[in-house]
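Colleague: Contents of target-v5.txt (compact mmCIF, C-alpha atoms) are below:
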```txt
# COMPACT_ATOMS: atom_id res chain seq x y z
CA MET A 1 -60.71 39.98 1.67
CA ILE A 2 -59.69 36.41 2.56
CA ALA A 3 -58.38 35.78 -0.97
CA ASN A 4 -56.38 39.04 -0.90
CA SER A 5 -54.91 38.08 2.47
CA ILE A 6 -53.80 34.71 1.08
CA VAL A 7 -52.06 36.43 -1.86
CA VAL A 8 -50.26 38.70 0.62
CA LEU A 9 -49.33 35.68 2.72
CA ILE A 10 -47.83 33.90 -0.31
CA LEU A 11 -45.69 36.95 -1.11
CA PHE A 12 -44.78 37.28 2.58
CA LEU A 13 -43.56 33.67 2.67
CA GLN A 14 -41.72 33.89 -0.65
CA HIS A 15 -39.78 36.93 0.50
CA GLU A 16 -39.18 35.64 4.00
CA ALA A 17 -41.14 38.42 5.73
CA PHE A 18 -39.47 41.26 3.78
CA TYR A 19 -36.84 41.65 6.54
CA LEU A 20 -39.61 42.56 8.97
CA LEU A 21 -38.84 39.60 11.26
CA PRO A 22 -35.53 38.54 12.83
CA LYS A 23 -33.62 35.87 10.96
CA GLN A 24 -33.97 33.26 13.72
CA LEU A 25 -37.71 33.17 13.01
CA LEU A 26 -37.13 32.65 9.30
CA VAL A 27 -34.39 30.06 9.07
CA ALA A 28 -33.65 26.96 11.12
CA PRO A 29 -30.58 25.49 9.36
CA GLY A 30 -31.28 22.02 8.05
CA VAL A 31 -34.87 22.11 9.29
CA PHE A 32 -36.90 25.05 7.98
CA ARG A 33 -36.72 28.07 5.71
CA MET A 34 -39.71 30.37 5.29
CA ALA A 35 -39.32 30.74 1.51
CA ASP A 36 -39.72 26.96 1.13
CA ALA A 37 -43.08 27.13 2.90
CA SER A 38 -44.59 28.85 -0.13
CA LEU A 39 -43.57 25.88 -2.29
CA VAL A 40 -45.17 23.49 0.18
CA ALA A 41 -48.42 25.49 -0.09
CA MET A 42 -48.64 25.21 -3.89
CA PRO A 43 -50.16 21.66 -3.98
CA PHE A 44 -53.26 23.00 -2.20
CA PHE A 45 -54.16 24.73 -5.46
CA ALA A 46 -53.57 21.66 -7.65
CA LEU A 47 -57.28 20.97 -8.23
CA SER A 48 -57.72 24.32 -9.97
CA VAL A 49 -54.78 23.81 -12.36
CA PRO A 50 -56.74 22.03 -15.18
CA LYS A 51 -59.34 24.81 -15.22
CA THR A 52 -56.62 27.47 -15.24
CA ILE A 53 -54.83 25.79 -18.15
CA SER A 54 -58.10 25.52 -20.09
CA ARG A 55 -59.12 29.16 -19.58
CA TYR A 56 -55.68 30.82 -19.57
CA SER A 57 -53.84 28.54 -21.98
CA GLU A 58 -51.01 30.76 -23.24
CA GLU A 59 -50.16 32.12 -19.81
CA SER A 60 -50.20 28.61 -18.32
CA LEU A 61 -47.91 27.33 -21.07
CA LEU A 62 -45.49 30.20 -20.41
CA VAL A 63 -45.21 29.13 -16.78
CA ILE A 64 -45.07 25.38 -17.47
CA SER A 65 -42.42 25.78 -20.16
CA PHE A 66 -40.25 27.83 -17.79
CA LEU A 67 -40.57 25.21 -15.07
CA LEU A 68 -39.62 22.46 -17.53
CA MET A 69 -36.64 24.55 -18.60
CA MET A 70 -35.54 24.73 -14.96
CA PHE A 71 -35.69 20.94 -14.62
CA LEU A 72 -33.63 20.67 -17.79
CA SER A 73 -31.07 23.15 -16.45
CA CYS A 74 -30.52 20.89 -13.43
CA LEU A 75 -29.86 17.98 -15.77
CA MET A 76 -27.43 20.01 -17.89
CA GLY A 77 -25.65 21.23 -14.76
CA SER A 78 -25.11 17.65 -13.63
CA LEU A 79 -23.60 16.85 -17.05
CA PHE A 80 -21.23 19.80 -17.29
CA PHE A 81 -20.21 20.17 -13.64
CA PRO A 82 -19.44 17.76 -10.80
CA GLN A 83 -22.77 18.24 -9.04
CA SER A 84 -25.75 16.00 -8.59
CA TYR A 85 -29.21 16.62 -10.02
CA TYR A 86 -30.47 17.01 -6.44
CA GLU A 87 -27.91 19.76 -5.72
CA GLY A 88 -29.08 21.56 -8.86
CA ILE A 89 -32.70 21.41 -7.70
CA LEU A 90 -31.74 22.78 -4.27
CA ASN A 91 -29.79 25.57 -5.90
CA ILE A 92 -32.70 26.90 -7.97
CA ARG A 93 -35.70 25.81 -5.92
CA ASN A 94 -36.75 29.45 -5.48
CA ASN A 95 -37.35 29.64 -9.24
CA PHE A 96 -40.25 27.23 -8.83
CA VAL A 97 -42.30 29.99 -7.23
CA TRP A 98 -43.35 30.56 -10.86
CA ALA A 99 -45.94 27.91 -9.98
CA SER A 100 -47.64 30.50 -7.76
CA PHE A 101 -49.33 31.67 -10.97
CA PHE A 102 -51.66 28.69 -10.54
CA ALA A 103 -52.50 29.92 -7.03
CA PHE A 104 -52.99 33.57 -7.96
CA ILE A 105 -55.47 32.86 -10.76
CA PRO A 106 -58.16 31.15 -8.61
CA LEU A 107 -57.52 33.55 -5.72
CA ILE A 108 -58.08 36.64 -7.89
CA GLY A 109 -60.64 35.21 -10.27
CA ASN A 110 -62.09 38.33 -11.90
CA LEU A 111 -61.47 42.00 -12.61
CA GLU A 112 -63.39 43.25 -9.58
CA GLN A 113 -61.29 41.16 -7.24
CA ALA A 114 -58.14 42.18 -9.15
CA GLU A 115 -58.97 45.85 -8.57
CA ARG A 116 -59.41 45.28 -4.84
CA LEU A 117 -56.15 43.34 -4.69
CA VAL A 118 -54.17 46.02 -6.54
CA LYS A 119 -55.46 48.72 -4.19
CA PHE A 120 -54.69 46.58 -1.13
CA LEU A 121 -51.17 45.68 -2.24
CA THR A 122 -50.44 49.25 -3.34
CA PHE A 123 -51.33 50.45 0.15
CA LEU A 124 -49.19 47.79 1.88
CA THR A 125 -46.29 48.33 -0.51
CA GLY A 126 -46.36 52.08 0.09
CA ILE A 127 -46.09 51.53 3.84
CA TYR A 128 -43.20 49.10 3.36
CA VAL A 129 -41.23 51.47 1.13
CA LEU A 130 -41.84 54.27 3.63
CA LEU A 131 -40.38 52.04 6.36
CA LEU A 132 -37.31 51.46 4.19
CA LEU A 133 -36.83 55.21 3.72
CA VAL A 134 -37.21 55.88 7.44
CA THR A 135 -34.75 53.09 8.22
CA LYS A 136 -32.14 54.73 5.97
CA TYR A 137 -32.00 57.71 8.32
CA PHE A 138 -32.79 55.86 11.56
CA PRO A 139 -31.39 52.33 11.13
CA GLY A 140 -31.44 51.71 14.87
CA LEU A 141 -35.23 51.80 15.13
CA GLY A 142 -35.48 48.08 14.37
CA LEU A 143 -38.29 48.49 11.82
CA ILE A 144 -36.30 46.53 9.25
CA HIS A 145 -33.95 43.72 10.32
CA LEU A 146 -31.07 44.72 8.10
CA PRO A 147 -28.26 42.50 6.85
CA LYS A 148 -24.88 43.23 8.36
CA ASN A 149 -23.06 46.50 7.65
CA VAL A 150 -25.75 48.03 5.40
CA TYR A 151 -25.68 51.43 7.14
CA ASP A 152 -22.49 51.08 9.17
CA LYS A 153 -19.65 53.57 8.82
CA GLY A 154 -17.56 50.95 7.08
CA SER A 155 -20.32 49.91 4.68
CA THR A 156 -19.35 49.23 1.08
CA LEU A 157 -22.83 50.36 -0.06
CA LEU A 158 -21.73 53.96 -0.49
CA ARG A 159 -22.06 56.13 -3.58
CA PHE A 160 -21.11 59.81 -3.89
CA GLY A 161 -20.29 59.72 -0.18
CA GLU A 162 -23.80 58.71 0.86
CA HIS A 163 -25.37 55.43 1.96
CA ARG A 164 -27.46 53.79 -0.72
CA LEU A 165 -31.00 52.90 0.29
CA PHE A 166 -31.50 49.25 1.18
CA PHE A 167 -34.25 48.58 -1.38
CA PRO A 168 -34.96 44.83 -1.55
CA TYR A 169 -37.66 43.35 -3.79
CA GLY A 170 -37.82 46.58 -5.78
CA ASN A 171 -39.86 44.99 -8.57
CA ILE A 172 -42.91 44.75 -6.30
CA PRO A 173 -43.31 48.49 -5.57
CA LEU A 174 -42.30 49.29 -9.14
CA MET A 175 -45.10 47.20 -10.65
CA PHE A 176 -47.68 49.03 -8.55
CA PHE A 177 -45.95 52.34 -9.26
CA PHE A 178 -46.47 51.83 -12.99
CA ILE A 179 -50.12 50.88 -12.48
CA ALA A 180 -50.55 54.09 -10.47
CA LEU A 181 -48.73 55.99 -13.23
CA ALA A 182 -51.13 54.54 -15.81
CA GLN A 183 -54.03 55.84 -13.74
CA SER A 184 -52.38 59.28 -13.55
CA VAL A 185 -51.72 59.70 -17.28
CA ASN A 186 -54.56 57.66 -18.80
CA GLY A 187 -57.09 56.87 -16.13
CA ASP A 188 -60.82 57.31 -16.57
CA MET A 189 -61.54 55.68 -13.22
CA LYS A 190 -63.62 57.71 -10.81
CA GLU A 191 -61.86 58.44 -7.52
CA GLY A 192 -62.19 60.88 -4.69
CA GLY A 193 -59.69 63.51 -3.66
CA ALA A 194 -58.32 61.39 -0.81
CA ALA A 195 -57.69 58.41 -3.12
CA LYS A 196 -55.94 60.65 -5.65
CA ALA A 197 -53.74 62.17 -2.94
CA MET A 198 -52.78 58.72 -1.64
CA ARG A 199 -51.91 57.54 -5.17
CA LEU A 200 -49.68 60.56 -5.78
CA ALA A 201 -48.05 60.12 -2.37
CA PHE A 202 -47.36 56.46 -3.15
CA MET A 203 -45.72 57.39 -6.46
CA PHE A 204 -43.61 60.05 -4.74
CA VAL A 205 -42.42 57.60 -2.07
CA VAL A 206 -41.47 54.92 -4.61
CA LEU A 207 -39.64 57.39 -6.85
CA ASN A 208 -37.67 58.59 -3.83
CA ALA A 209 -36.74 54.99 -3.04
CA VAL A 210 -35.61 54.44 -6.64
CA VAL A 211 -33.38 57.51 -6.58
CA TYR A 212 -31.93 56.83 -3.12
CA SER A 213 -31.13 53.26 -4.07
CA MET A 214 -28.56 54.87 -6.42
CA THR A 215 -28.82 51.82 -8.66
CA ARG A 216 -28.28 52.77 -12.28
CA ALA A 217 -29.83 49.52 -13.49
CA VAL A 218 -33.08 50.62 -11.84
CA ILE A 219 -33.05 54.42 -12.22
CA TYR A 220 -32.43 54.60 -15.97
CA PRO A 221 -35.04 51.97 -16.94
CA VAL A 222 -37.63 53.54 -14.63
CA LEU A 223 -37.09 56.96 -16.23
CA ALA A 224 -37.28 55.40 -19.70
CA ALA A 225 -40.55 53.62 -18.84
CA VAL A 226 -42.01 56.88 -17.45
CA VAL A 227 -41.10 58.66 -20.70
CA PHE A 228 -42.74 55.82 -22.63
CA ALA A 229 -45.88 56.24 -20.51
CA PHE A 230 -46.15 59.92 -21.33
CA ILE A 231 -45.41 59.48 -25.02
CA THR A 232 -48.05 56.76 -25.41
CA ALA A 233 -50.70 58.52 -23.30
CA LYS A 234 -54.17 58.88 -24.79
CA SER A 235 -54.31 62.62 -24.20
CA ARG A 236 -52.35 64.91 -26.51
CA ASN A 237 -51.95 67.36 -23.66
CA ILE A 238 -50.16 64.75 -21.56
CA LYS A 239 -47.95 63.78 -24.49
CA PHE A 240 -46.97 67.40 -25.06
CA ALA A 241 -46.51 67.94 -21.31
CA GLY A 242 -44.06 65.03 -21.13
CA ILE A 243 -42.10 66.32 -24.10
CA ALA A 244 -42.12 69.86 -22.72
CA ILE A 245 -40.84 68.77 -19.31
CA GLY A 246 -38.00 66.83 -20.93
CA VAL A 247 -37.03 69.80 -23.12
CA LEU A 248 -37.18 72.19 -20.14
CA LEU A 249 -34.88 69.94 -18.10
CA ILE A 250 -32.35 69.81 -20.94
CA CYS A 251 -32.54 73.58 -21.46
CA PHE A 252 -32.21 74.16 -17.71
CA GLN A 253 -29.10 72.00 -17.60
CA VAL A 254 -27.49 73.69 -20.61
CA LEU A 255 -28.33 77.18 -19.37
CA SER A 256 -27.20 76.61 -15.80
CA THR A 257 -23.93 75.06 -17.00
CA SER A 258 -23.25 77.96 -19.33
CA ILE A 259 -23.76 80.65 -16.68
CA SER A 260 -22.09 78.81 -13.79
CA SER A 261 -18.47 79.67 -13.10
CA THR A 262 -17.88 76.13 -11.92
CA GLY A 263 -19.47 74.55 -14.96
CA SER A 264 -22.05 72.81 -12.84
CA SER A 265 -25.78 73.27 -12.36
CA PRO A 266 -28.14 73.14 -9.38
CA PHE A 267 -29.60 69.95 -10.87
CA GLU A 268 -26.15 68.38 -10.86
CA GLY A 269 -26.02 68.89 -7.11
CA THR A 270 -29.07 66.70 -6.54
CA LEU A 271 -28.80 62.97 -6.07
CA LEU A 272 -30.63 62.24 -9.31
CA GLY A 273 -28.43 64.75 -11.10
CA LYS A 274 -25.32 63.00 -9.82
CA MET A 275 -26.63 59.63 -11.00
CA LEU A 276 -27.42 60.98 -14.46
CA LEU A 277 -24.48 63.33 -15.00
CA LYS A 278 -21.61 61.87 -12.97
CA SER A 279 -21.92 58.14 -13.66
CA ASP A 280 -18.56 58.27 -15.42
CA GLU A 281 -16.96 58.97 -12.04
CA LEU A 282 -18.12 55.59 -10.69
CA SER A 283 -15.87 52.56 -10.87
CA SER A 284 -15.98 50.55 -14.07
CA GLU A 285 -17.99 47.35 -14.17
CA ASP A 286 -15.09 44.99 -14.89
CA GLY A 287 -16.85 42.17 -13.05
CA ARG A 288 -19.83 42.30 -15.38
CA VAL A 289 -17.55 42.40 -18.42
CA ASN A 290 -15.86 39.23 -17.21
CA GLN A 291 -19.21 37.60 -16.52
CA ALA A 292 -20.35 38.45 -20.04
CA ARG A 293 -17.30 36.69 -21.50
CA MET A 294 -17.92 33.73 -19.22
CA TYR A 295 -21.56 33.31 -20.25
CA LEU A 296 -20.75 33.60 -23.96
CA THR A 297 -17.95 31.03 -23.59
CA GLN A 298 -20.29 28.60 -21.86
CA PHE A 299 -23.01 29.26 -24.45
CA ALA A 300 -20.59 28.11 -27.14
CA ARG A 301 -20.22 24.78 -25.30
CA SER A 302 -23.96 24.09 -25.40
CA PRO A 303 -25.85 26.57 -27.61
CA VAL A 304 -29.27 24.89 -27.57
CA THR A 305 -29.83 24.05 -23.91
CA GLY A 306 -27.02 25.99 -22.19
CA VAL A 307 -24.78 24.46 -19.53
CA GLY A 308 -27.45 24.52 -16.84
CA ASN A 309 -27.51 25.98 -13.36
CA PHE A 310 -24.32 25.94 -11.33
CA ALA A 311 -24.60 24.88 -7.70
CA ILE A 312 -20.89 24.41 -7.00
CA GLY A 313 -20.42 28.02 -5.89
CA LYS A 314 -23.08 27.59 -3.22
CA TYR A 315 -22.16 24.15 -1.90
CA THR A 316 -18.42 24.40 -2.50
CA LYS A 317 -15.75 23.62 0.05
CA TYR A 318 -13.59 26.42 -1.36
CA GLN A 319 -12.92 29.40 0.87
CA ASP A 320 -12.87 31.82 -2.07
CA ALA A 321 -15.82 30.24 -3.88
CA VAL A 322 -16.11 32.50 -6.93
CA ALA A 323 -12.42 32.80 -7.81
CA GLN A 324 -11.60 29.13 -7.30
CA THR A 325 -14.68 27.78 -9.07
CA VAL A 326 -13.96 30.02 -12.07
CA ARG A 327 -10.38 28.72 -12.19
CA ALA A 328 -11.56 25.13 -11.81
CA TYR A 329 -14.64 25.13 -14.08
CA GLY A 330 -14.62 28.43 -15.96
CA PHE A 331 -18.03 29.27 -14.49
CA PHE A 332 -19.79 30.48 -11.36
CA ASN A 333 -23.36 31.18 -10.34
CA GLY A 334 -23.47 34.89 -11.18
CA SER A 335 -26.43 37.24 -10.77
CA ASP A 336 -25.33 40.54 -12.33
CA LEU A 337 -26.45 39.96 -15.92
CA GLY A 338 -30.00 39.07 -16.84
CA TYR A 339 -30.11 38.17 -20.52
CA LEU A 340 -26.61 36.72 -20.71
CA LYS A 341 -27.24 34.56 -17.65
CA MET A 342 -30.23 33.05 -19.46
CA VAL A 343 -28.12 32.62 -22.61
CA GLY A 344 -25.29 30.85 -20.79
CA GLU A 345 -27.41 28.66 -18.53
CA ASN A 346 -30.43 27.97 -20.79
CA GLY A 347 -29.09 28.55 -24.29
CA LEU A 348 -31.36 29.21 -27.25
CA LEU A 349 -34.27 27.69 -25.33
CA GLY A 350 -33.93 30.51 -22.82
CA VAL A 351 -33.72 33.11 -25.60
CA ALA A 352 -36.86 31.68 -27.23
CA TRP A 353 -38.71 31.80 -23.91
CA LEU A 354 -37.74 35.45 -23.34
CA LEU A 355 -38.94 36.38 -26.83
CA TRP A 356 -42.22 34.60 -26.10
CA TRP A 357 -42.57 36.44 -22.75
CA PHE A 358 -42.15 39.92 -24.24
CA SER A 359 -44.20 39.13 -27.34
CA TYR A 360 -47.02 37.92 -25.07
CA TYR A 361 -47.23 41.26 -23.27
CA TYR A 362 -47.02 43.18 -26.53
CA ARG A 363 -49.66 41.10 -28.35
CA ARG A 364 -52.04 40.52 -25.49
CA GLY A 365 -51.62 44.03 -24.14
CA ARG A 366 -52.67 45.59 -27.44
CA GLN A 367 -55.52 43.11 -27.75
CA THR A 368 -56.77 43.86 -24.23
CA LEU A 369 -56.62 47.62 -24.76
CA ALA A 370 -58.61 47.22 -27.98
CA ARG A 371 -61.18 45.13 -26.13
CA ALA A 372 -61.40 47.75 -23.37
CA ARG A 373 -62.15 50.45 -25.95
CA GLN A 374 -64.71 48.14 -27.56
CA VAL A 375 -66.46 47.47 -24.26
CA GLY A 376 -66.27 51.12 -23.28
CA GLY A 377 -66.94 50.49 -19.60
CA ALA A 378 -63.75 48.85 -18.33
CA PRO A 379 -61.53 51.69 -17.06
CA PHE A 380 -59.66 49.52 -14.52
CA ALA A 381 -58.85 46.89 -17.15
CA GLU A 382 -57.30 49.58 -19.34
CA VAL A 383 -55.34 51.14 -16.46
CA LEU A 384 -54.12 47.73 -15.30
CA THR A 385 -53.04 46.69 -18.80
CA ARG A 386 -51.21 49.94 -19.48
CA GLY A 387 -49.49 49.77 -16.10
CA LEU A 388 -48.31 46.22 -16.76
CA LEU A 389 -47.04 47.27 -20.19
CA TYR A 390 -45.03 50.13 -18.63
CA PHE A 391 -43.66 47.65 -16.10
CA THR A 392 -42.70 45.31 -18.96
CA VAL A 393 -40.80 48.16 -20.65
CA TYR A 394 -38.87 48.59 -17.40
CA ILE A 395 -38.17 44.83 -17.28
CA LEU A 396 -37.09 44.84 -20.94
CA ILE A 397 -34.49 47.56 -20.40
CA SER A 398 -33.25 46.62 -16.94
CA GLY A 399 -33.02 42.93 -17.90
CA VAL A 400 -29.61 43.70 -19.42
CA THR A 401 -28.14 43.68 -15.92
CA LEU A 402 -30.93 42.39 -13.64
CA GLY A 403 -31.93 38.71 -13.63
CA HIS A 404 -35.66 39.27 -13.22
CA TRP A 405 -36.65 35.76 -14.31
CA VAL A 406 -34.31 33.74 -12.13
CA HIS A 407 -33.34 35.91 -9.13
CA HIS A 408 -35.54 35.22 -6.11
CA ASN A 409 -35.60 38.89 -5.08
CA MET A 410 -37.10 39.88 -8.43
CA LEU A 411 -39.03 37.05 -10.01
CA THR A 412 -41.89 36.55 -7.54
CA ILE A 413 -43.90 39.53 -8.78
CA LEU A 414 -43.78 38.26 -12.38
CA PRO A 415 -46.27 35.40 -11.84
CA LEU A 416 -48.65 37.90 -10.24
CA SER A 417 -48.12 40.30 -13.15
CA LEU A 418 -48.90 37.46 -15.56
CA ALA A 419 -52.01 36.47 -13.60
CA LEU A 420 -53.35 40.04 -13.60
CA MET A 421 -52.76 40.40 -17.35
CA ALA A 422 -54.40 37.02 -17.98
CA ILE A 423 -57.50 37.91 -15.97
CA ALA A 424 -57.87 41.29 -17.70
CA ARG A 425 -57.45 39.69 -21.13
CA VAL A 426 -59.84 36.78 -20.65
CA SER A 427 -62.47 38.85 -18.83
CA LEU A 428 -62.68 41.35 -21.68
CA ASP A 429 -62.53 38.63 -24.36
CA GLU A 430 -65.47 36.85 -22.75
CA THR A 431 -67.37 40.11 -22.38
CA CYS A 432 -66.95 40.90 -26.08
CA ALA A 433 -67.83 37.34 -27.10
CA ALA A 434 -70.99 37.20 -24.99
CA PRO A 435 -74.13 37.36 -27.15
CA VAL A 436 -76.13 40.55 -26.83
CA PRO A 437 -79.69 39.75 -25.73
CA VAL A 438 -82.15 40.58 -28.50
CA ARG A 439 -85.53 41.87 -27.49
CA GLN A 440 -88.20 39.76 -29.12
CA PRO A 441 -91.10 41.61 -30.79
CA ALA A 442 -94.47 41.22 -29.14
CA ARG A 443 -96.47 38.38 -30.62
CA PRO A 444 -100.04 39.21 -31.71
CA PHE A 445 -102.87 37.62 -29.78
CA PRO A 446 -104.58 34.64 -31.39
CA ALA A 447 -107.98 35.40 -32.96
CA ALA A 448 -109.89 33.73 -30.16
CA GLN A 449 -108.16 35.84 -27.53
CA ARG A 450 -108.70 38.99 -29.60
CA GLY A 451 -112.43 38.20 -29.59
CA LEU A 452 -112.46 37.83 -25.83
CA LEU A 453 -110.69 41.14 -25.35
CA THR A 454 -113.12 42.93 -27.63
```
Once you've parsed the file, please lay out its structure as structure tokens.
Modeller:
Amino acid sequence: MIANSIVVLILFLQHEAFYLLPKQLLVAPGVFRMADASLVAMPFFALSVPKTISRYSEESLLVISFLLMMFLSCLMGSLFFPQSYYEGILNIRNNFVWASFFAFIPLIGNLEQAERLVKFLTFLTGIYVLLLLVTKYFPGLGLIHLPKNVYDKGSTLLRFGEHRLFFPYGNIPLMFFFIALAQSVNGDMKEGGAAKAMRLAFMFVVLNAVVYSMTRAVIYPVLAAVVFAFITAKSRNIKFAGIAIGVLLICFQVLSTSISSTGSSPFEGTLLGKMLLKSDELSSEDGRVNQARMYLTQFARSPVTGVGNFAIGKYTKYQDAVAQTVRAYGFFNGSDLGYLKMVGENGLLGVAWLLWWFSYYYRRGRQTLARARQVGGAPFAEVLTRGLLYFTVYILISGVTLGHWVHHNMLTILPLSLALMAIARVSLDETCAAPVPVRQPARPFPAAQRGLLT
């Protein structure tokens, strides 16, 4: 329980209390910021790093190579833009929470502890998402200390005439949602009726949050990952059920449109229906198109290493930071495009790292599932691995627009995801490699002893 509490504390510090505390307790300008406290805590786990690297070599190299790439990006930024190396480090210091992987590994340690941690964090995450949903309808309760104008009448966070749900750190509940989904469609784990009801309630709450966030970059990838989960399920019945539900929804939409005098369907009147069927009514994403051109232009300047991170927009003296920095330097520190941001800032090195990241989950995930079938008695390892693979499918698709690997609101769950996958992989590998004890045949008694017995 102590180790689980420390993991929760690390996440709590990294996300600056998840908006559960007033800002004056989180930030003292020029003196303290809660997110930096998690970086200060990392050296306490330094003694376990050599053992972690030895036992979890590929995962450790993934983290170390990313950290080295971040140091390089600060150097490149100081070469291409009028900023110091120190300003570059300050600008991306949140990215160094990748080092928390080396804290999570010794804190979790084994599959049994991983199972307890997943259950604990799923419970806490469900409560947090429920608080976010309640706050949407009752923002004055003070449960969540919201940024300015989120639910005001003049808020810009409106879509289809309704306030979008304030849904920060969405990757955290989504990772546990996909683990719960894996248990629902593939699980062989024994659980009571109360545990099953709580799991289904958690999934319902998270799906509601996804829909009410009205964020296309989240909704579409989540639906795609859910479809992937059903199609790749072990049970044929679940596969056919997923296909049947999809066909029924399409038929329902076609039928209701054909018989409706207005050309619309009941499904179209729902929030999810609006997101899926009326996206063309939303404003065009001209800003992202311009960012794409910007990143590709900067990539051409430095294809191998990229142009590095750009701190000018944050520390600039300009009043209109984005517009004036783009005019002055042709670049700004954007956050709306995931893959292209990596391409522009980290070049081919960043592309190679992303390919390594996704290939790791594909290779090691298949290997771990094969080991789980070989062992035959590791239902949680299989559920965990499948859930992390579904989550990776979501990351793969949504990474077109979301900067999962470099945005502080999104990246902090990735080291934990990597640690959980590493522990499942190594635990099953060691179980399969362990020699099976062979029962020695009974040795006959020497002749003298036989004589005594007779």
Colleague: May I ask for the distance between CA of Gly126 (chain A) and CA of Leu181 (chain A), given in Å to one decimal place?
Modeller: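 CA of Gly126 (chain A) sits 14.1 Å away from CA of Leu181 (chain A).
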Colleague: Return the single residue from A:Phe102, A:Ala424, A:Leu72, A:Gly193 that is closest to Lys51 (chain A), with distances computed using only C-alpha atoms.
Modeller: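 Comparing A:Phe102, A:Ala424, A:Leu72, A:Gly193 against Lys51 (chain A), the winner is A:Phe102.
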Colleague: Have a look at A:Leu107, A:Arg364, A:Phe166, A:Val383 and name the one nearest to Ile10 (chain A); count all atoms listed in the file.
Modeller: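 Selected residue with least distance to Ile10 (chain A): A:Leu107.
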Colleague: For each of A:Thr52, A:Thr431, A:Asn208, A:Ser78, take the minimum atom-to-atom distance to Lys136 (chain A), counting all atoms listed in the file, then give the residue where this is smallest.
Modeller: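 The shortest atom-to-atom distance to Lys136 (chain A) comes from A:Asn208.
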Colleague: List the residues sitting within 10 Å of (-43.2, 61.8, -23.3) in the file's frame, using all atoms listed in the file, as a list of chain:residue names.
Modeller: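 Checked against the point, the hits come out as A:Ala224, A:Ala225, A:Val226, A:Val227, A:Phe228, A:Ala229, A:Phe230, A:Ile231, A:Thr232, A:Ala233, A:Ile238, A:Lys239, A:Phe240, A:Ala241, A:Gly242, A:Ile243, A:Ala244, A:Ile245, A:Gly246.
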Colleague: Mind giving me the straight-line distance from CA of Leu25 (chain A) to CA of Met175 (chain A) in Å, one decimal?
Modeller: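 Computing the Euclidean distance for CA of Leu25 (chain A) and CA of Met175 (chain A) yields 28.5 Å.
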Colleague: Would you list the contacts of Ile2 (chain A) as a PyMOL selection string, taking every protein, DNA or RNA residue within 12 Å and counting only C-alpha atoms, but skipping same-chain residues closer than 3 positions in sequence?
Modeller: chain A and resi 5-9+107-108+113+116-117+120
Colleague: Nearest residue to Gly387 (chain A) out of A:Thr135, A:Leu111, A:Ser417, A:Leu143, using only C-alpha atoms?
Modeller: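 Of all the options, A:Ser417 lies closest to Gly387 (chain A).
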Colleague: Taking all atoms listed in the file into account, name the residue in A:Val150, A:Ala217, A:Leu75, A:Leu411 that is nearest to Asn94 (chain A).
Modeller: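 Comparing A:Val150, A:Ala217, A:Leu75, A:Leu411 against Asn94 (chain A), the winner is A:Leu411.
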Colleague: Select all residues near (-19.0, 33.9, -16.6) (cut-off 12 Å, inclusive, file coordinates), counting all atoms listed in the file, and output them as a PyMOL selection string.
Modeller: chain A and resi 286-299+307+310+322-323+325-327+329-337+340-345
Colleague: Once you have the residues from the selection above, write them out as an mmCIF file, keeping the file's coordinate frame, restricted to C-alpha atoms.
Modeller:
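What follows is the written file part.cif:
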```
data_model
loop_
_atom_site.group_PDB
_atom_site.id
_atom_site.type_symbol
_atom_site.label_atom_id
_atom_site.label_comp_id
_atom_site.auth_asym_id
_atom_site.auth_seq_id
_atom_site.Cartn_x
_atom_site.Cartn_y
_atom_site.Cartn_z
ATOM 1 C CA ASP A 286 -15.090 44.990 -14.890
ATOM 2 C CA GLY A 287 -16.850 42.170 -13.050
ATOM 3 C CA ARG A 288 -19.830 42.300 -15.380
ATOM 4 C CA VAL A 289 -17.550 42.400 -18.420
ATOM 5 C CA ASN A 290 -15.860 39.230 -17.210
ATOM 6 C CA GLN A 291 -19.210 37.600 -16.520
ATOM 7 C CA ALA A 292 -20.350 38.450 -20.040
ATOM 8 C CA ARG A 293 -17.300 36.690 -21.500
ATOM 9 C CA MET A 294 -17.920 33.730 -19.220
ATOM 10 C CA TYR A 295 -21.560 33.310 -20.250
ATOM 11 C CA LEU A 296 -20.750 33.600 -23.960
ATOM 12 C CA THR A 297 -17.950 31.030 -23.590
ATOM 13 C CA GLN A 298 -20.290 28.600 -21.860
ATOM 14 C CA PHE A 299 -23.010 29.260 -24.450
ATOM 15 C CA VAL A 307 -24.780 24.460 -19.530
ATOM 16 C CA PHE A 310 -24.320 25.940 -11.330
ATOM 17 C CA VAL A 322 -16.110 32.500 -6.930
ATOM 18 C CA ALA A 323 -12.420 32.800 -7.810
ATOM 19 C CA THR A 325 -14.680 27.780 -9.070
ATOM 20 C CA VAL A 326 -13.960 30.020 -12.070
ATOM 21 C CA ARG A 327 -10.380 28.720 -12.190
ATOM 22 C CA TYR A 329 -14.640 25.130 -14.080
ATOM 23 C CA GLY A 330 -14.620 28.430 -15.960
ATOM 24 C CA PHE A 331 -18.030 29.270 -14.490
ATOM 25 C CA PHE A 332 -19.790 30.480 -11.360
ATOM 26 C CA ASN A 333 -23.360 31.180 -10.340
ATOM 27 C CA GLY A 334 -23.470 34.890 -11.180
ATOM 28 C CA SER A 335 -26.430 37.240 -10.770
ATOM 29 C CA ASP A 336 -25.330 40.540 -12.330
ATOM 30 C CA LEU A 337 -26.450 39.960 -15.920
ATOM 31 C CA LEU A 340 -26.610 36.720 -20.710
ATOM 32 C CA LYS A 341 -27.240 34.560 -17.650
ATOM 33 C CA MET A 342 -30.230 33.050 -19.460
ATOM 34 C CA VAL A 343 -28.120 32.620 -22.610
ATOM 35 C CA GLY A 344 -25.290 30.850 -20.790
ATOM 36 C CA GLU A 345 -27.410 28.660 -18.530
#
```
